[in-house]
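> File final_17.txt follows (compact mmCIF, C-alpha atoms):
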```
# COMPACT_ATOMS: atom_id res chain seq x y z
CA MET A 1 0.00 0.00 0.00
CA ALA A 2 1.35 3.44 -0.91
CA THR A 3 2.54 5.62 1.96
CA GLY A 4 1.39 9.14 2.56
CA SER A 5 -1.71 10.80 3.82
CA LEU A 6 -5.08 10.06 2.29
CA ASN A 7 -7.71 12.69 3.10
CA LEU A 8 -11.31 11.53 3.07
CA ASN A 9 -14.24 13.93 3.39
CA LEU A 10 -17.32 12.16 4.63
CA ASN A 11 -20.43 14.26 3.99
CA LEU A 12 -23.15 13.12 6.32
CA LEU A 13 -26.72 13.38 5.10
CA VAL A 14 -28.78 14.57 8.04
CA LEU A 15 -32.31 13.23 7.73
CA ASN A 16 -33.43 14.23 11.20
CA PRO A 17 -31.83 17.37 12.69
CA THR A 18 -32.91 16.36 16.20
CA VAL A 19 -30.78 13.19 16.23
CA ALA A 20 -27.54 13.64 18.20
CA PHE A 21 -24.29 12.48 16.58
CA PRO A 22 -21.81 10.46 18.67
CA ALA A 23 -18.54 12.13 19.51
CA ALA A 24 -15.74 11.37 17.05
CA ARG A 25 -13.24 8.75 18.27
CA PRO A 26 -9.63 8.38 17.11
CA THR A 27 -9.16 5.58 14.61
CA VAL A 28 -6.43 3.02 15.32
CA TRP A 29 -4.78 1.57 12.23
CA PRO A 30 -2.62 -1.60 12.03
CA ALA A 31 1.13 -1.14 11.96
CA GLY A 32 2.42 -0.41 8.48
CA ALA A 33 -0.93 0.82 7.15
CA ALA A 34 -1.25 4.16 5.43
CA SER A 35 -2.18 7.11 7.61
CA VAL A 36 -5.79 8.17 7.06
CA THR A 37 -7.22 11.48 8.23
CA VAL A 38 -11.01 11.50 8.52
CA SER A 39 -12.80 14.82 8.71
CA ARG A 40 -16.51 15.33 9.16
CA ARG A 41 -18.26 18.35 7.70
CA LEU A 42 -21.92 18.70 8.61
CA PRO A 43 -24.06 20.20 5.85
CA SER A 44 -26.40 23.11 6.39
CA VAL A 45 -29.78 22.00 7.62
CA ARG A 46 -32.90 23.82 6.47
CA ALA A 47 -36.07 22.83 8.30
CA THR A 48 -39.37 24.23 7.17
CA VAL A 49 -42.60 23.47 8.97
CA ASP A 50 -45.65 24.23 6.87
CA ASP A 51 -48.46 23.79 9.32
CA PHE A 52 -51.44 25.81 10.34
CA LEU A 53 -49.39 28.16 12.49
CA GLY A 54 -46.70 28.79 9.89
CA ASP A 55 -42.96 29.00 10.61
CA PHE A 56 -41.69 32.00 12.52
CA GLY A 57 -38.05 31.00 11.99
CA ALA A 58 -35.13 31.23 14.41
CA ARG A 59 -34.09 34.16 16.58
CA ASP A 60 -30.86 35.39 18.12
CA PRO A 61 -30.32 34.38 21.76
CA PHE A 62 -30.97 36.89 24.53
CA PRO A 63 -27.98 38.11 26.60
CA ALA A 64 -29.26 36.22 29.64
CA GLU A 65 -29.36 33.02 27.58
CA LEU A 66 -25.76 33.53 26.46
CA GLU A 67 -24.65 34.04 30.06
CA SER A 68 -26.37 30.82 31.12
CA GLY A 69 -24.24 28.82 28.69
CA PHE A 70 -27.33 27.14 27.27
CA GLY A 71 -25.46 26.45 24.02
CA GLU A 72 -23.35 23.84 25.78
CA LYS A 73 -26.46 21.97 26.92
CA VAL A 74 -28.40 21.69 23.66
CA LEU A 75 -27.73 20.10 20.29
CA GLY A 76 -26.69 22.52 17.56
CA TYR A 77 -23.93 23.29 15.10
CA GLY A 78 -22.26 26.55 14.28
CA ASN A 79 -22.71 26.12 10.54
CA THR A 80 -26.44 25.39 10.74
CA GLU A 81 -28.32 27.67 8.36
CA HIS A 82 -31.36 29.42 9.83
CA LYS A 83 -34.17 30.51 7.59
CA ILE A 84 -36.37 33.38 8.77
CA LEU A 85 -39.86 33.07 7.30
CA ILE A 86 -42.83 35.42 7.33
CA PRO A 87 -45.87 33.77 8.93
CA ASN A 88 -48.32 32.52 6.33
CA ILE A 89 -51.84 33.92 6.22
CA SER A 90 -53.28 31.05 8.23
CA ALA A 91 -51.15 32.13 11.15
CA LEU A 92 -52.83 35.51 11.30
CA SER A 93 -56.03 36.20 13.22
CA LEU A 94 -59.17 36.78 11.16
CA SER A 95 -59.18 40.50 11.95
CA GLN A 96 -55.68 40.88 10.48
CA GLN A 97 -56.62 39.34 7.14
CA ASP A 98 -57.91 41.20 4.10
CA CYS A 99 -61.07 40.38 2.18
CA ALA A 100 -60.48 38.71 -1.19
CA PRO A 101 -62.54 39.02 -4.39
CA ILE A 102 -65.31 36.42 -4.55
CA SER A 103 -66.19 34.64 -7.79
CA PRO A 104 -69.91 33.88 -8.35
CA LEU A 105 -68.79 30.33 -9.17
CA GLN A 106 -67.24 29.90 -5.75
CA PRO A 107 -69.28 27.62 -3.46
CA PRO A 108 -70.30 28.97 -0.05
CA ILE A 109 -68.64 27.70 3.11
CA SER A 110 -70.12 24.42 4.32
CA LYS A 111 -72.15 24.31 7.52
CA ASP A 112 -69.49 22.27 9.31
CA ASP A 113 -66.76 24.78 8.41
CA ALA A 114 -69.03 27.69 9.34
CA GLN A 115 -69.68 26.17 12.76
CA THR A 116 -65.91 25.96 13.29
CA LEU A 117 -65.25 29.53 12.15
CA VAL A 118 -68.08 31.08 14.16
CA ARG A 119 -66.20 30.12 17.32
CA LYS A 120 -63.52 32.63 16.32
CA VAL A 121 -65.89 35.61 16.41
CA VAL A 122 -67.58 36.99 19.52
CA GLY A 123 -71.32 37.48 19.82
CA TRP A 124 -72.14 36.29 16.29
CA ARG A 125 -74.48 33.39 15.63
CA LEU A 126 -75.20 31.26 12.59
CA VAL A 127 -78.69 31.49 11.13
CA ASP A 128 -80.06 29.27 8.36
CA GLU A 129 -82.61 31.22 6.34
CA GLU A 130 -84.17 29.28 3.47
CA GLY A 131 -81.06 27.17 2.98
CA ALA A 132 -78.60 30.10 3.12
CA LEU A 133 -76.32 30.53 6.13
CA LYS A 134 -75.87 34.01 7.57
CA LEU A 135 -74.03 35.62 10.47
CA LYS A 136 -76.04 37.84 12.80
CA CYS A 137 -75.15 39.97 15.80
CA LEU A 138 -77.26 42.19 18.06
CA TRP A 139 -76.18 45.13 20.22
CA LYS A 140 -78.33 46.79 22.89
CA LEU A 141 -77.20 50.39 23.30
CA ARG A 142 -77.82 53.11 25.83
CA ASP A 143 -80.02 55.28 23.60
CA PHE A 144 -80.81 56.24 20.02
CA LYS A 145 -77.75 58.45 19.70
CA CYS A 146 -75.47 55.59 20.75
CA GLY A 147 -77.14 53.31 18.19
CA VAL A 148 -76.39 55.80 15.40
CA GLU A 149 -72.80 56.12 16.62
CA LEU A 150 -72.28 52.35 16.53
CA ILE A 151 -73.63 52.19 12.97
CA ASN A 152 -71.13 54.90 11.98
CA ARG A 153 -68.26 52.96 13.55
CA ILE A 154 -69.29 49.73 11.83
CA SER A 155 -69.61 51.57 8.50
CA LYS A 156 -66.09 52.97 8.82
CA VAL A 157 -64.55 49.54 9.49
CA THR A 158 -66.46 47.71 6.76
CA GLU A 159 -65.82 50.40 4.17
CA ALA A 160 -62.07 49.92 4.66
CA ALA A 161 -62.54 46.14 4.30
CA GLY A 162 -64.66 46.44 1.15
CA HIS A 163 -67.25 43.96 2.37
CA PHE A 164 -70.48 45.33 3.80
CA PRO A 165 -73.08 43.96 6.23
CA ASN A 166 -76.75 44.79 6.38
CA ILE A 167 -77.25 47.05 9.40
CA TYR A 168 -80.60 47.75 11.05
CA LEU A 169 -81.52 50.21 13.81
CA GLU A 170 -84.29 48.41 15.66
CA GLN A 171 -86.24 50.21 18.33
CA PRO A 172 -84.56 53.36 19.59
CA ASN A 173 -81.55 51.64 21.14
CA GLN A 174 -80.88 48.34 19.35
CA VAL A 175 -78.61 47.62 16.36
CA ARG A 176 -78.57 44.38 14.38
CA ALA A 177 -75.91 43.45 11.79
CA GLU A 178 -76.23 40.68 9.24
CA LEU A 179 -73.37 39.27 7.17
CA TRP A 180 -73.44 36.96 4.17
CA THR A 181 -72.18 36.95 0.58
CA ALA A 182 -75.22 37.32 -1.65
CA SER A 183 -73.31 36.60 -4.88
CA ILE A 184 -72.70 32.98 -3.80
CA GLY A 185 -75.87 32.54 -1.75
CA GLY A 186 -74.16 31.86 1.55
CA LEU A 187 -71.14 32.58 3.70
CA SER A 188 -67.61 33.24 2.50
CA MET A 189 -64.40 33.77 4.46
CA ASN A 190 -64.90 37.51 3.95
CA ASP A 191 -67.95 37.42 6.21
CA PHE A 192 -65.95 35.98 9.11
CA ILE A 193 -63.07 38.40 8.49
CA VAL A 194 -65.43 41.38 8.63
CA ALA A 195 -67.23 39.98 11.70
CA SER A 196 -63.87 39.73 13.45
CA LYS A 197 -63.00 43.32 12.49
CA ILE A 198 -66.36 44.51 13.83
CA ASP A 199 -65.64 42.66 17.08
CA GLU A 200 -62.68 44.98 17.66
CA ILE A 201 -64.84 48.12 17.56
CA LYS A 202 -65.02 49.86 20.92
CA THR A 203 -68.57 49.74 22.34
CA SER A 204 -68.00 50.13 26.09
CA ASP A 205 -68.95 53.81 25.93
CA LEU A 206 -72.19 53.06 24.06
CA VAL A 207 -73.85 50.22 25.99
CA PRO A 208 -75.87 50.47 29.22
CA ARG A 209 -73.82 49.78 32.32
CA LYS A 210 -76.09 46.93 33.37
CA TYR A 211 -75.94 45.10 30.02
CA LYS A 212 -73.34 43.42 27.93
CA SER A 213 -72.57 44.82 24.48
CA ARG A 214 -74.14 41.79 22.74
CA VAL A 215 -77.27 40.00 23.84
CA GLY A 216 -77.65 37.44 21.06
```
When written as structure tokens, how does the structure in this file appear?


Amino acid sequence: MATGSLNLNLNLLVLNPTVAFPAARPTVWPAGAASVTVSRRLPSVRATVDDFLGDFGARDPFPAELESGFGEKVLGYGNTEHKILIPNISALSLSQQDCAPISPLQPPISKDDAQTLVRKVVGWRLVDEEGALKLKCLWKLRDFKCGVELINRISKVTEAAGHFPNIYLEQPNQVRAELWTASIGGLSMNDFIVASKIDEIKTSDLVPRKYKSRVG
């Protein structure tokens, strides 16, 4: 066998970044064998999690974490590549999303999906009227003036969203809002987005002290 130094680069394919690698041990070769130097170079690992919450990526450690020496207690490599991703739309709350154009050919949201989504909005209830699902919400206000003010606040929010509810001033101090997408004959995601935006409207200064802002 020829003498000299034979350099071998072993590139390890990391299938699971959470698996710890055993510490390297010196290799003992028989007398007279060629000297072999083995070096390990770990490749960059890019992990992307595409789930409902999205991937918020990695962050730099806080000073207190650096002082604690946490890096010596966890698995990690200096040449690991970190990818910072923007959260996908599903990670955002309904009120942070924008309404999208609706095609007349688009089917309305199913009843099962609507029952899941209605849990994400406060005070709204599902109503089935002649086979079409709608969202409805009722506010009991202090007086007629407060009812008009609430309608103005709702109008401002929904105008910015580009998706409008039907709003009714019932009795002198009661406001009812109704959301659905007439072009598809039922509910779309836009209805839940707008309902969530309406939920964020301040009403504490408009409702009677003895009543909640929504009664049904």

> One decimal, in Å: what's the spacing between atom CA of Lys140 of chain A and atom CA of Leu169 of chain A?

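Those two atoms sit 10.2 Å apart.
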
> Could you check which of A:Leu150, A:Ile193, A:Ala132, A:Leu66 is closest to Asp205 of chain A, using only C-alpha atoms?

A:Leu150

> Please, what distance in Å, to one decimal, runs between atom CA of Gln115 of chain A and atom CA of Leu133 of chain A?

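One can read the atom CA of Gln115 of chain A to atom CA of Leu133 of chain A distance as 10.3 Å.
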
> Return the single residue from A:Leu135, A:Leu126, A:Ala114, A:Val148 that is closest to Trp180 of chain A, with distances computed using only C-alpha atoms.

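Ranking A:Leu135, A:Leu126, A:Ala114, A:Val148 by distance to Trp180 of chain A, first place goes to A:Leu135.
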
> Which polymer residues have any atom within 10 Å of an atom of Ser188 of chain A, counting only C-alpha atoms, with same-chain residues fewer than 2 positions away left out, as a VMD selection string?

chain A and resid 99 to 100 102 106 to 110 114 133 to 134 179 to 186 190 to 193

> What is the distance, in Å and to one decimal place, between atom CA of Ile151 of chain A and atom CA of Thr116 of chain A?

27.3 Å

> Closest to Thr158 of chain A among A:Leu187, A:Ala195, A:Leu117, A:Leu138, using only C-alpha atoms?

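Nearest candidate to Thr158 of chain A out of A:Leu187, A:Ala195, A:Leu117, A:Leu138: A:Ala195.
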
> Considering only C-alpha atoms, can you say which of A:Pro101, A:Gly123, A:Pro172, A:Gly131 comes closest to Ile198 of chain A?

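Of A:Pro101, A:Gly123, A:Pro172, A:Gly131, the one nearest Ile198 of chain A, counting only C-alpha atoms, is A:Gly123.
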
> In terms of the shortest atom-to-atom distance over only C-alpha atoms, which of A:Gly147, A:Val121, A:Asp112, A:Asp128 is closest to Ser93 of chain A?

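Closest residue, counting only C-alpha atoms: A:Val121.
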
> Need to verify the contact set: Tyr168 of chain A, 7 Å, all atoms listed in the file, exclusion of same-chain residues closer than 5 positions in sequence. Can you return it as JSON, numbers by chain?

{"A": [175, 176, 177]}

> Atoms to include: C-alpha atoms. Write the selected residues as a PDB file, in the frame of the given file.


```pdb
ATOM      1  CA  VAL A 175     -78.610  47.620  16.360  1.00  0.00           C
ATOM      2  CA  ARG A 176     -78.570  44.380  14.380  1.00  0.00           C
ATOM      3  CA  ALA A 177     -75.910  43.450  11.790  1.00  0.00           C
TER       4      ALA A 177
END
```

> May I ask which of the residues A:Ser103, A:Asn152, A:Gln97, A:Ser68 is the closest one to Ile201 of chain A, counting all atoms listed in the file?

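Nearest candidate to Ile201 of chain A out of A:Ser103, A:Asn152, A:Gln97, A:Ser68: A:Asn152.
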